[in-house]
Amino acid sequence: MIDLTPATIPPKAQRTSLFVRLLKNPVGLASMIFLTLLVLSAIFAPLLTSVDPNQASLQDFLGPAREGHPLGFDSAGRDVFARLVYAGRFSLAGGLLALVIAAVIGVIGGLLAGYYRGWFDSVSSWLAGLLMAMPAIVVLLAARAVLGPSMWLSMAIFGVMLSPAFFRLVYASVTAVRDELYIDAARVSGLSDGSIIGRHILTVVRAPAIIQSAMVLGIAIAIQAGLDFLGLGDMTIPTWGTMLNDGFTNIYKEPLLILWPSLILALTCMALTLLANAMRDELERSAKPKKRKPLIATALMDFSKVAAVTHADDARTAALTGEVLLNISDLSVGYGQPDGSVKTVVHDVSLTVRRGEVHGLIGESGSGKTQTAWSILRLLPEGGHITGGAIVFEGKDLAEASEREMDRIRGKKIAYIPQEPMSNLDSSFTIGSQLVEPMRICLGISKKEATKRALELLSHVGIPNPQRTFNAYPHEVSGGMAQRVLIAGAISCEPDLLIADEPTTALDVTVQAEILQLLRRLQAELNMGVVLVTHNFGVVADLCDRVSVMREGRVIESGPVRAIFKAARHPYTQSLLNAILEEGEPRGELIAPTTRATTQGAQS
Amino acid sequence: MTEPLLDVKNVIVEYPVKGFRKDPFRALKGVSLDIRPGETVGLVGESGSGKTTLGRAVLGLAPVTGGEILYKGKDIAHLGRRERRSLSSDIQVVFQDPYTSLNPSLTIEQILVEPLTMRKIEGKAAARRVADLLDQVGLPSDAGDRLPREFSGGQRQRIAIARALALDPALIVCDEPVSALDLSTQARVLDLFKEIQERTGVAYLFVSHDLAVVRHLSHRVAVMFHGEIVEWGDGDQVTSAPTHPYTQRLFLAAPVPDPDRQEVRRADRDRLLAEQKAQGLQAGATA
């Protein structure tokens, strides 16, 4: 009986807001300080200077700095410092106007188009494409010619021109999540479309939209300055652009005049871009949560004190007298952690595979069975390495072998069948070419010979029309067919040892039965040793001679397959066997709830 | 004979196929079954058989182009979005993948409160209900302020079950709810399903590819193949002595976790395949 006791849950994870994390990021902090100062100086401009930015005085034409006028005067005798500070108001407000318009149109349009699709999607995507194709500066020039030099108007138009940036971003995020199951679950929960968009979709869109905002604001400020610099803006209000224009015309008389607005424009745009980058970095970092091992209820039972069990050979396994192909002794596998320590995922695993023997490695997820299989091939993912023990294959220790030696062994002497047949075939090449190439390299035969052999192999693994499959691309065949192709590839060099990593997990039951039958036939024909990694006890019972049960990186019980199924001694193996449902009690007939209710009522 | 809770009659589901004047893809070709109150109906089939589509059609997530789905005598197959929403307290769902069925950026409490707001249950009453739901599915009551990623697959599936139970539904569509879980976790979650049913009298439409899982939980079982129900009846009979050739193949294809009995089953399967081949019954069966 399985207990229903509450599973323990891990301690609460630390969650810090994006803002707090930005404060800890030096680039983010610096750009935020700069932008805050800039905004404050624009808002409180009258407190910083008592001079009117538009007050011209001819005596002060390009006059030098003096008391109360720290940066001197421009060509109309206006105070440069006052203009710089007041210009911040207009330049920032103009940029913000463009940003708000772009964001409102783009985000709302993107949400609706991505969520509802249909005609609105087609029309708005077409419009977004059109807007992106139009050169913004030409449109702005035309608008000025028709509507006159108003900064607000041109920024509003520019906002519309920028809206596709938001539209496309939001649209992409929405289409990525709209088919997620939690959206379906929310619909089944009875939420209206408005609530679903507000609760589930907006949260996904929020972060990228904020990052995009910082970039767009920078662009808007720069373009607005550009228009004013060309003299196309409203000359009656101070902006950084008009100051640039003035400085440029007087660049020989007073070179410093162009420096101040350029400096502040450059710093503003840089700060906005760096802030956007910092936000992206921080969000990306949080997207990879710290790997925490989820505690499942079985972990409550402490098996680590129970010694590993090894069963003696029975009559059947004693009859396996082929030479020892693979002898793993005390293998440990570890992964380097960012802090320099090594996390061990496989502890002191030992197993032996003889020629003609199928050895099953069974365990639940995280038990280290796949890690063990990969280390035999020396194909551990990034950061993983063998930290101890030996893998002796035909007299050579693979744990110590060079990459070059491994290249000679992998594929030729040790072959591999993966779990996901589809993702292990390259979709841009035909199946035939993916079989022929390795054979030409491994066996050193001509293309013609290899093609002939590939066709033979395809028919040998039970593919009804080998020539058609040979010419097909991977997406044109079914999952079961793809697995047959991979098996054909694996046996193409007649390996001594086959590593099969959950070879039937991704397949339907009826297809699984066919693949198991194929593996059994090929194993007998080629007299291979096989290491079969699986979580399915049925597959083990079907194919294996010996079994090693793994848990948390250790082999806790091993022996002949019949001993494991009939006389398991380790409590963990027993608990796994108890959890099997096959051939269990059926549920039986439904006792009508109405009758049950009445009997209960009669009793009470 | 009690009145069926859900009566699926000749349902056809078609998905439009891209391309000019192409025939739509027919995922369900006239499927009929019924579910009584408090009953578990198992729906078995392989990929592409239409079993998930039938579940989605009941939930109003798949386009029903023919036939009708009667819930308590009322057709729910062609309801508008607004009418459909009022059904949320009657029909609920637990999906296969506990990783994508919970919004990763909402806390468990926010996830569980969501359906409650539909019933205008808010504030303290909602908090009490959340604690009660967590307790029902065997999670500690302080789990509410965590994010889904802090939980293991089995625990997430418990949260999804709690969400389905929030409005006391009469029917829960379970779409492969245990196939992403480890063996021992799977057994515990199945026992939880059973325990909840015995306590609350909820009915399940239990979709799975695994005959053993369906047998464990179902009173009656339907077997689907290529968009049709090929066998339908008492759970024990369908899962231990099937009569339809496809169900027989499916039954013998699943390996038994016992080396000796598996050897027998393998021989049985070879014999059956040879017989069916001789009778020409195997159309479209091999991969």
# chains A, B, ... in the order shown; residues from 1 in each chain; ligands from 1

call {"tool": "residues_around", "arguments": {"residues": "region 197-203 of chain A", "least_positions_apart": "5", "cutoff": "9 Å", "atoms": "only C-alpha atoms", "output": "list in words"}}
result
Leu111, Leu112, Tyr115, Ser173, Val174, Val177, Arg178, Tyr182, Ile183, Ala186 and Ser192 of chain A; Asn103, Ser105 and Leu106 of chain B

call {"tool": "write_last_selection", "arguments": {"atoms": "N, CA and C atoms", "output": "PDB file, in the first residue's frame"}}
result
ATOM      1  N   LEU A 111      -1.127  41.968 -28.474  1.00  0.00           N
ATOM      2  CA  LEU A 111      -1.903  41.067 -27.610  1.00  0.00           C
ATOM      3  C   LEU A 111      -3.129  40.538 -28.357  1.00  0.00           C
ATOM      4  N   LEU A 112      -3.868  41.457 -28.970  1.00  0.00           N
ATOM      5  CA  LEU A 112      -5.103  41.036 -29.633  1.00  0.00           C
ATOM      6  C   LEU A 112      -4.801  40.136 -30.823  1.00  0.00           C
ATOM      7  N   TYR A 115      -3.481  36.732 -29.590  1.00  0.00           N
ATOM      8  CA  TYR A 115      -4.412  35.902 -28.834  1.00  0.00           C
ATOM      9  C   TYR A 115      -5.579  35.432 -29.697  1.00  0.00           C
ATOM     10  N   SER A 173       5.756  36.884 -28.244  1.00  0.00           N
ATOM     11  CA  SER A 173       5.603  36.322 -26.889  1.00  0.00           C
ATOM     12  C   SER A 173       4.240  35.696 -26.713  1.00  0.00           C
ATOM     13  N   VAL A 174       3.204  36.345 -27.241  1.00  0.00           N
ATOM     14  CA  VAL A 174       1.848  35.824 -27.047  1.00  0.00           C
ATOM     15  C   VAL A 174       1.679  34.497 -27.786  1.00  0.00           C
ATOM     16  N   VAL A 177       3.049  31.591 -25.903  1.00  0.00           N
ATOM     17  CA  VAL A 177       2.378  31.053 -24.709  1.00  0.00           C
ATOM     18  C   VAL A 177       0.905  30.719 -24.932  1.00  0.00           C
ATOM     19  N   ARG A 178       0.317  31.164 -26.063  1.00  0.00           N
ATOM     20  CA  ARG A 178      -1.146  31.018 -26.126  1.00  0.00           C
ATOM     21  C   ARG A 178      -1.573  29.547 -26.194  1.00  0.00           C
ATOM     22  N   TYR A 182      -1.567  26.039 -19.418  1.00  0.00           N
ATOM     23  CA  TYR A 182      -2.179  26.812 -18.334  1.00  0.00           C
ATOM     24  C   TYR A 182      -3.178  27.834 -18.871  1.00  0.00           C
ATOM     25  N   ILE A 183      -3.030  28.210 -20.148  1.00  0.00           N
ATOM     26  CA  ILE A 183      -4.034  29.088 -20.759  1.00  0.00           C
ATOM     27  C   ILE A 183      -5.333  28.292 -20.947  1.00  0.00           C
ATOM     28  N   ALA A 186      -6.984  27.911 -17.667  1.00  0.00           N
ATOM     29  CA  ALA A 186      -7.677  29.126 -17.249  1.00  0.00           C
ATOM     30  C   ALA A 186      -9.009  29.256 -17.973  1.00  0.00           C
ATOM     31  N   SER A 192     -12.648  34.975 -18.241  1.00  0.00           N
ATOM     32  CA  SER A 192     -12.949  35.645 -19.504  1.00  0.00           C
ATOM     33  C   SER A 192     -11.646  35.925 -20.235  1.00  0.00           C
TER      34      SER A 192
ATOM     35  N   ASN B 103       0.995  28.206 -14.571  1.00  0.00           N
ATOM     36  CA  ASN B 103       1.705  29.403 -14.986  1.00  0.00           C
ATOM     37  C   ASN B 103       2.935  29.603 -14.094  1.00  0.00           C
ATOM     38  N   SER B 105       4.811  31.992 -13.423  1.00  0.00           N
ATOM     39  CA  SER B 105       5.053  33.235 -12.689  1.00  0.00           C
ATOM     40  C   SER B 105       4.003  33.519 -11.624  1.00  0.00           C
ATOM     41  N   LEU B 106       3.050  32.611 -11.433  1.00  0.00           N
ATOM     42  CA  LEU B 106       2.054  32.813 -10.380  1.00  0.00           C
ATOM     43  C   LEU B 106       2.343  31.872  -9.208  1.00  0.00           C
TER      44      LEU B 106
END

call {"tool": "residues_around", "arguments": {"residues": "Thr107 (chain B)", "least_positions_apart": "6", "cutoff": "8 Å", "atoms": "only C-alpha atoms", "output": "VMD selection string"}}
result
chain B and resid 144 to 148

call {"tool": "select_by_dssp", "arguments": {"residues": "region 103-222 of chain B", "states": "strand (DSSP E or B)", "output": "PDB file with N, CA, C and O atoms, in the first residue's frame"}}
result
ATOM      1  N   LEU B 171     -17.546  16.559 -13.067  1.00  0.00           N
ATOM      2  CA  LEU B 171     -16.766  15.764 -14.011  1.00  0.00           C
ATOM      3  C   LEU B 171     -15.381  16.394 -14.184  1.00  0.00           C
ATOM      4  O   LEU B 171     -15.267  17.612 -14.331  1.00  0.00           O
ATOM      5  N   ILE B 172     -14.341  15.564 -14.120  1.00  0.00           N
ATOM      6  CA  ILE B 172     -13.000  16.063 -14.414  1.00  0.00           C
ATOM      7  C   ILE B 172     -12.457  15.269 -15.585  1.00  0.00           C
ATOM      8  O   ILE B 172     -12.467  14.039 -15.585  1.00  0.00           O
ATOM      9  N   VAL B 173     -12.010  15.997 -16.615  1.00  0.00           N
ATOM     10  CA  VAL B 173     -11.347  15.356 -17.747  1.00  0.00           C
ATOM     11  C   VAL B 173      -9.869  15.260 -17.387  1.00  0.00           C
ATOM     12  O   VAL B 173      -9.216  16.267 -17.129  1.00  0.00           O
ATOM     13  N   CYS B 174      -9.333  14.037 -17.318  1.00  0.00           N
ATOM     14  CA  CYS B 174      -7.938  13.849 -16.951  1.00  0.00           C
ATOM     15  C   CYS B 174      -7.190  13.414 -18.205  1.00  0.00           C
ATOM     16  O   CYS B 174      -7.390  12.301 -18.696  1.00  0.00           O
ATOM     17  N   ASP B 175      -6.344  14.292 -18.723  1.00  0.00           N
ATOM     18  CA  ASP B 175      -5.650  13.993 -19.972  1.00  0.00           C
ATOM     19  C   ASP B 175      -4.243  13.493 -19.668  1.00  0.00           C
ATOM     20  O   ASP B 175      -3.345  14.286 -19.418  1.00  0.00           O
ATOM     21  N   ALA B 203     -17.008  12.417 -11.284  1.00  0.00           N
ATOM     22  CA  ALA B 203     -16.785  11.460 -12.370  1.00  0.00           C
ATOM     23  C   ALA B 203     -15.524  11.853 -13.121  1.00  0.00           C
ATOM     24  O   ALA B 203     -15.175  13.031 -13.185  1.00  0.00           O
ATOM     25  N   TYR B 204     -14.802  10.852 -13.662  1.00  0.00           N
ATOM     26  CA  TYR B 204     -13.608  11.150 -14.448  1.00  0.00           C
ATOM     27  C   TYR B 204     -13.763  10.624 -15.868  1.00  0.00           C
ATOM     28  O   TYR B 204     -14.236   9.510 -16.078  1.00  0.00           O
ATOM     29  N   LEU B 205     -13.315  11.439 -16.830  1.00  0.00           N
ATOM     30  CA  LEU B 205     -13.023  10.914 -18.156  1.00  0.00           C
ATOM     31  C   LEU B 205     -11.515  10.812 -18.190  1.00  0.00           C
ATOM     32  O   LEU B 205     -10.815  11.827 -18.229  1.00  0.00           O
ATOM     33  N   PHE B 206     -10.998   9.579 -18.097  1.00  0.00           N
ATOM     34  CA  PHE B 206      -9.578   9.388 -17.851  1.00  0.00           C
ATOM     35  C   PHE B 206      -8.884   8.936 -19.132  1.00  0.00           C
ATOM     36  O   PHE B 206      -9.013   7.790 -19.555  1.00  0.00           O
ATOM     37  N   VAL B 207      -8.135   9.864 -19.738  1.00  0.00           N
ATOM     38  CA  VAL B 207      -7.477   9.593 -21.006  1.00  0.00           C
ATOM     39  C   VAL B 207      -6.055   9.106 -20.751  1.00  0.00           C
ATOM     40  O   VAL B 207      -5.316   9.744 -19.994  1.00  0.00           O
ATOM     41  N   SER B 208      -5.673   7.972 -21.344  1.00  0.00           N
ATOM     42  CA  SER B 208      -4.313   7.488 -21.146  1.00  0.00           C
ATOM     43  C   SER B 208      -3.910   6.534 -22.261  1.00  0.00           C
ATOM     44  O   SER B 208      -4.751   5.939 -22.917  1.00  0.00           O
ATOM     45  N   ARG B 220     -15.488   1.693 -16.582  1.00  0.00           N
ATOM     46  CA  ARG B 220     -15.699   1.260 -17.960  1.00  0.00           C
ATOM     47  C   ARG B 220     -14.587   1.842 -18.827  1.00  0.00           C
ATOM     48  O   ARG B 220     -14.013   2.874 -18.500  1.00  0.00           O
ATOM     49  N   VAL B 221     -14.276   1.153 -19.910  1.00  0.00           N
ATOM     50  CA  VAL B 221     -13.142   1.560 -20.743  1.00  0.00           C
ATOM     51  C   VAL B 221     -13.567   1.616 -22.213  1.00  0.00           C
ATOM     52  O   VAL B 221     -14.289   0.742 -22.691  1.00  0.00           O
ATOM     53  N   ALA B 222     -13.111   2.686 -22.897  1.00  0.00           N
ATOM     54  CA  ALA B 222     -13.297   2.785 -24.350  1.00  0.00           C
ATOM     55  C   ALA B 222     -11.923   2.774 -24.995  1.00  0.00           C
ATOM     56  O   ALA B 222     -10.999   3.410 -24.507  1.00  0.00           O
TER      57      ALA B 222
END

call {"tool": "residues_around", "arguments": {"residues": "region 15-18 of chain B", "least_positions_apart": "5", "cutoff": "10 Å", "atoms": "only C-alpha atoms", "output": "ChimeraX atom specification"}}
result
/B:23-28,62-65

call {"tool": "write_last_selection", "arguments": {"atoms": "N, CA and C atoms", "output": "JSON list (two decimals), in the first residue's frame"}}
result
[["chain", "number", "residue", "atom", "x", "y", "z"],
["B", 23, "ASP", "N", -9.44, 19.29, -47.91],
["B", 23, "ASP", "CA", -10.40, 18.71, -46.98],
["B", 23, "ASP", "C", -9.89, 18.87, -45.56],
["B", 24, "PRO", "N", -10.79, 19.19, -44.61],
["B", 24, "PRO", "CA", -10.34, 19.30, -43.23],
["B", 24, "PRO", "C", -9.90, 17.94, -42.69],
["B", 25, "PHE", "N", -9.03, 17.98, -41.67],
["B", 25, "PHE", "CA", -8.59, 16.74, -41.04],
["B", 25, "PHE", "C", -9.62, 16.30, -40.01],
["B", 26, "ARG", "N", -10.10, 15.07, -40.14],
["B", 26, "ARG", "CA", -11.15, 14.59, -39.25],
["B", 26, "ARG", "C", -10.52, 13.82, -38.10],
["B", 27, "ALA", "N", -10.42, 14.47, -36.92],
["B", 27, "ALA", "CA", -9.77, 13.84, -35.78],
["B", 27, "ALA", "C", -10.70, 12.85, -35.08],
["B", 28, "LEU", "N", -11.98, 13.15, -35.06],
["B", 28, "LEU", "CA", -12.96, 12.21, -34.47],
["B", 28, "LEU", "C", -14.02, 11.91, -35.52],
["B", 62, "ALA", "N", -12.04, 22.00, -28.49],
["B", 62, "ALA", "CA", -11.85, 21.48, -29.84],
["B", 62, "ALA", "C", -13.13, 21.75, -30.63],
["B", 63, "PRO", "N", -13.01, 22.06, -31.92],
["B", 63, "PRO", "CA", -14.20, 22.41, -32.71],
["B", 63, "PRO", "C", -15.05, 21.20, -33.06],
["B", 64, "VAL", "N", -16.23, 21.11, -32.45],
["B", 64, "VAL", "CA", -17.14, 20.00, -32.74],
["B", 64, "VAL", "C", -17.95, 20.37, -33.97],
["B", 65, "THR", "N", -17.79, 19.58, -35.05],
["B", 65, "THR", "CA", -18.49, 19.94, -36.29],
["B", 65, "THR", "C", -19.71, 19.04, -36.54]]

call {"tool": "atom_distance", "arguments": {"atom1": "CA of Ala307 (chain A)", "atom2": "CA of Glu557 (chain A)"}}
result
8.9 Å

call {"tool": "interface_residues", "arguments": {"of": "chain B", "to": "chain A", "cutoff": "7 Å", "atoms": "only C-alpha atoms", "output": "VMD selection string"}}
result
chain B and resid 38 to 39 46 to 47 59 85 to 86 88 92 to 93 100 to 103 115 118 138 to 140 146 151 to 152 182 to 184 187 to 188 212 to 213 215 to 219 235 to 236 250 253 to 259 262 287

call {"tool": "write_last_selection", "arguments": {"atoms": "N, CA and C atoms", "output": "CSV table (one decimal), in the first residue's frame"}}
result
chain,number,residue,atom,x,y,z
B,38,GLY,N,-20.2,9.9,-10.8
B,38,GLY,CA,-19.3,9.2,-9.9
B,38,GLY,C,-18.5,8.1,-10.6
B,39,GLU,N,-18.6,8.0,-11.9
B,39,GLU,CA,-17.9,6.9,-12.6
B,39,GLU,C,-16.6,7.4,-13.2
B,46,GLU,N,-3.5,5.0,-28.8
B,46,GLU,CA,-2.1,5.4,-29.1
B,46,GLU,C,-2.1,6.8,-29.7
B,47,SER,N,-0.9,7.3,-29.9
B,47,SER,CA,-0.8,8.7,-30.4
B,47,SER,C,-1.6,8.8,-31.7
B,59,LEU,N,-14.3,19.6,-23.1
B,59,LEU,CA,-13.9,20.8,-22.4
B,59,LEU,C,-14.3,22.0,-23.2
B,85,ARG,N,-18.5,29.5,-20.1
B,85,ARG,CA,-17.8,29.9,-18.9
B,85,ARG,C,-18.6,29.5,-17.7
B,86,SER,N,-20.0,29.5,-17.8
B,86,SER,CA,-20.8,29.1,-16.6
B,86,SER,C,-20.7,27.6,-16.3
B,88,SER,N,-17.9,26.1,-16.0
B,88,SER,CA,-16.6,25.8,-15.4
B,88,SER,C,-16.8,25.2,-14.1
B,92,GLN,N,-14.2,20.1,-15.2
B,92,GLN,CA,-12.8,20.6,-15.0
B,92,GLN,C,-11.8,19.7,-15.7
B,93,VAL,N,-10.5,20.1,-15.6
B,93,VAL,CA,-9.5,19.4,-16.3
B,93,VAL,C,-8.2,19.2,-15.5
B,100,THR,N,3.8,22.6,-17.9
B,100,THR,CA,3.3,23.7,-18.6
B,100,THR,C,1.8,24.0,-18.2
B,101,SER,N,1.2,23.2,-17.4
B,101,SER,CA,-0.2,23.5,-17.0
B,101,SER,C,-0.3,24.4,-15.9
B,102,LEU,N,0.8,24.8,-15.3
B,102,LEU,CA,0.8,25.8,-14.2
B,102,LEU,C,1.6,27.0,-14.7
B,103,ASN,N,1.0,28.2,-14.6
B,103,ASN,CA,1.7,29.4,-15.0
B,103,ASN,C,2.9,29.6,-14.1
B,115,PRO,N,-9.9,30.1,-10.1
B,115,PRO,CA,-11.3,29.6,-10.4
B,115,PRO,C,-12.3,30.2,-9.4
B,118,MET,N,-14.3,33.3,-10.0
B,118,MET,CA,-15.5,33.2,-10.8
B,118,MET,C,-16.7,33.1,-10.0
B,138,GLY,N,-3.0,16.5,-0.2
B,138,GLY,CA,-1.8,16.0,0.5
B,138,GLY,C,-0.6,16.9,0.4
B,139,LEU,N,-0.9,18.2,0.3
B,139,LEU,CA,0.3,19.2,0.3
B,139,LEU,C,0.2,20.0,1.6
B,140,PRO,N,1.3,20.4,2.1
B,140,PRO,CA,1.2,21.3,3.3
B,140,PRO,C,0.6,22.6,3.0
B,146,ARG,N,4.5,29.6,-2.7
B,146,ARG,CA,5.6,29.2,-3.5
B,146,ARG,C,5.3,29.3,-5.0
B,151,PHE,N,8.4,22.9,-7.0
B,151,PHE,CA,7.8,21.6,-6.7
B,151,PHE,C,8.2,20.5,-7.7
B,152,SER,N,8.2,19.3,-7.3
B,152,SER,CA,8.5,18.2,-8.2
B,152,SER,C,7.3,17.9,-9.1
B,182,ASP,N,7.2,9.6,-12.5
B,182,ASP,CA,7.9,8.4,-12.2
B,182,ASP,C,7.0,7.3,-11.6
B,183,LEU,N,7.4,6.1,-11.7
B,183,LEU,CA,6.6,4.9,-11.3
B,183,LEU,C,5.9,5.1,-10.0
B,184,SER,N,6.8,5.4,-8.9
B,184,SER,CA,6.2,5.4,-7.6
B,184,SER,C,5.3,6.6,-7.4
B,187,ALA,N,1.9,5.9,-9.0
B,187,ALA,CA,1.0,5.1,-8.2
B,187,ALA,C,0.3,6.0,-7.1
B,188,ARG,N,1.1,6.9,-6.5
B,188,ARG,CA,0.5,7.7,-5.4
B,188,ARG,C,-0.5,8.7,-5.9
B,212,ALA,N,-2.7,-0.4,-18.3
B,212,ALA,CA,-2.6,-0.8,-16.9
B,212,ALA,C,-3.1,0.3,-16.0
B,213,VAL,N,-2.8,1.6,-16.4
B,213,VAL,CA,-3.3,2.7,-15.6
B,213,VAL,C,-4.8,2.8,-15.7
B,215,ARG,N,-6.9,0.5,-16.4
B,215,ARG,CA,-7.5,-0.6,-15.7
B,215,ARG,C,-7.6,-0.4,-14.2
B,216,HIS,N,-6.6,0.2,-13.7
B,216,HIS,CA,-6.5,0.4,-12.3
B,216,HIS,C,-7.6,1.4,-11.8
B,217,LEU,N,-8.0,2.3,-12.7
B,217,LEU,CA,-8.9,3.4,-12.2
B,217,LEU,C,-10.3,3.3,-12.8
B,218,SER,N,-10.5,2.6,-13.9
B,218,SER,CA,-11.7,2.8,-14.6
B,218,SER,C,-12.8,1.8,-14.4
B,219,HIS,N,-14.1,2.2,-14.3
B,219,HIS,CA,-15.2,1.3,-14.2
B,219,HIS,C,-15.5,0.8,-15.6
B,235,GLY,N,-14.7,-2.3,-17.6
B,235,GLY,CA,-13.2,-2.1,-17.6
B,235,GLY,C,-12.5,-3.4,-17.5
B,236,ASP,N,-12.9,-4.3,-16.7
B,236,ASP,CA,-12.1,-5.6,-16.5
B,236,ASP,C,-12.1,-6.4,-17.8
B,250,LEU,N,-3.1,-4.3,-28.9
B,250,LEU,CA,-2.6,-3.4,-27.9
B,250,LEU,C,-2.3,-4.1,-26.5
B,253,ALA,N,0.8,-6.2,-26.7
B,253,ALA,CA,2.0,-5.4,-27.0
B,253,ALA,C,2.6,-4.9,-25.7
B,254,ALA,N,1.8,-4.6,-24.6
B,254,ALA,CA,2.4,-4.1,-23.4
B,254,ALA,C,3.2,-5.2,-22.7
B,255,PRO,N,4.5,-5.0,-22.4
B,255,PRO,CA,5.2,-6.1,-21.8
B,255,PRO,C,4.8,-6.3,-20.3
B,256,VAL,N,4.8,-7.5,-19.9
B,256,VAL,CA,4.5,-7.8,-18.5
B,256,VAL,C,5.7,-7.7,-17.6
B,257,PRO,N,5.7,-7.1,-16.5
B,257,PRO,CA,6.9,-7.1,-15.6
B,257,PRO,C,7.2,-8.4,-14.9
B,258,ASP,N,7.3,-9.4,-15.7
B,258,ASP,CA,7.7,-10.7,-15.2
B,258,ASP,C,8.3,-11.5,-16.3
B,259,PRO,N,9.6,-11.9,-16.2
B,259,PRO,CA,10.3,-12.5,-17.4
B,259,PRO,C,9.6,-13.7,-17.9
B,262,GLN,N,6.2,-12.8,-19.5
B,262,GLN,CA,6.4,-12.0,-20.7
B,262,GLN,C,6.8,-12.9,-21.8
B,287,ALA,N,3.9,0.2,-37.7
B,287,ALA,CA,4.5,1.6,-37.7
B,287,ALA,C,5.2,1.8,-39.0

call {"tool": "closest_residue", "arguments": {"among": "B:Ala143, B:Leu79, B:Thr40, B:Lys72", "to": "Ile196 (chain B)", "atoms": "only C-alpha atoms"}}
result
B:Thr40

call {"tool": "residues_around", "arguments": {"residues": "Gly94 (chain A)", "least_positions_apart": "3", "cutoff": "7 Å", "atoms": "only C-alpha atoms", "output": "PyMOL selection string"}}
result
chain A and resi 90-91+97-98+152+155

call {"tool": "residues_around", "arguments": {"residues": "Met224 (chain B)", "least_positions_apart": "3", "cutoff": "12 Å", "atoms": "only C-alpha atoms", "output": "PyMOL selection string"}}
result
chain B and resi 27-33+42-54+207-209+211+221+227-232+244+246-247+250

call {"tool": "residues_around", "arguments": {"residues": "Asp75 (chain B)", "least_positions_apart": "5", "cutoff": "12 Å", "atoms": "only C-alpha atoms", "output": "list in words"}}
result
Leu5, Leu6, Asp7, Val8, Lys9, Val11, Val58, Gly60, Val64, Gly66, Gly67, Glu68, Ile69, Leu70, Gly80, Glu83, Arg84 and Leu87 of chain B

call {"tool": "residues_around", "arguments": {"residues": "Lys413 (chain A)", "least_positions_apart": "6", "cutoff": "9 Å", "atoms": "only C-alpha atoms", "output": "PDB file with N, CA, C and O atoms, in the first residue's frame"}}
result
ATOM      1  N   CYS A 493      28.066  -1.001 -38.236  1.00  0.00           N
ATOM      2  CA  CYS A 493      29.472  -1.386 -38.151  1.00  0.00           C
ATOM      3  C   CYS A 493      29.654  -2.645 -37.301  1.00  0.00           C
ATOM      4  O   CYS A 493      30.755  -2.908 -36.811  1.00  0.00           O
ATOM      5  N   GLU A 494      28.587  -3.395 -37.105  1.00  0.00           N
ATOM      6  CA  GLU A 494      28.601  -4.615 -36.296  1.00  0.00           C
ATOM      7  C   GLU A 494      29.344  -4.423 -34.983  1.00  0.00           C
ATOM      8  O   GLU A 494      30.408  -4.998 -34.762  1.00  0.00           O
ATOM      9  N   PRO A 495      28.774  -3.607 -34.112  1.00  0.00           N
ATOM     10  CA  PRO A 495      29.458  -3.308 -32.856  1.00  0.00           C
ATOM     11  C   PRO A 495      29.467  -4.511 -31.909  1.00  0.00           C
ATOM     12  O   PRO A 495      28.669  -5.434 -32.060  1.00  0.00           O
ATOM     13  N   ASP A 496      30.383  -4.477 -30.959  1.00  0.00           N
ATOM     14  CA  ASP A 496      30.413  -5.528 -29.940  1.00  0.00           C
ATOM     15  C   ASP A 496      29.452  -5.205 -28.799  1.00  0.00           C
ATOM     16  O   ASP A 496      28.913  -6.090 -28.158  1.00  0.00           O
ATOM     17  N   LEU A 497      29.316  -3.894 -28.560  1.00  0.00           N
ATOM     18  CA  LEU A 497      28.504  -3.472 -27.421  1.00  0.00           C
ATOM     19  C   LEU A 497      27.516  -2.413 -27.910  1.00  0.00           C
ATOM     20  O   LEU A 497      27.877  -1.515 -28.674  1.00  0.00           O
ATOM     21  N   LEU A 498      26.258  -2.538 -27.453  1.00  0.00           N
ATOM     22  CA  LEU A 498      25.233  -1.569 -27.842  1.00  0.00           C
ATOM     23  C   LEU A 498      24.716  -0.899 -26.578  1.00  0.00           C
ATOM     24  O   LEU A 498      24.349  -1.578 -25.620  1.00  0.00           O
TER      25      LEU A 498
END

call {"tool": "select_by_dssp", "arguments": {"residues": "region 58-243 of chain A", "states": "helix (DSSP H, G or I)", "output": "number ranges by chain"}}
result
A: 58-60, 80-116, 118-133, 136-147, 151-177, 181-188, 193-229, 240-243
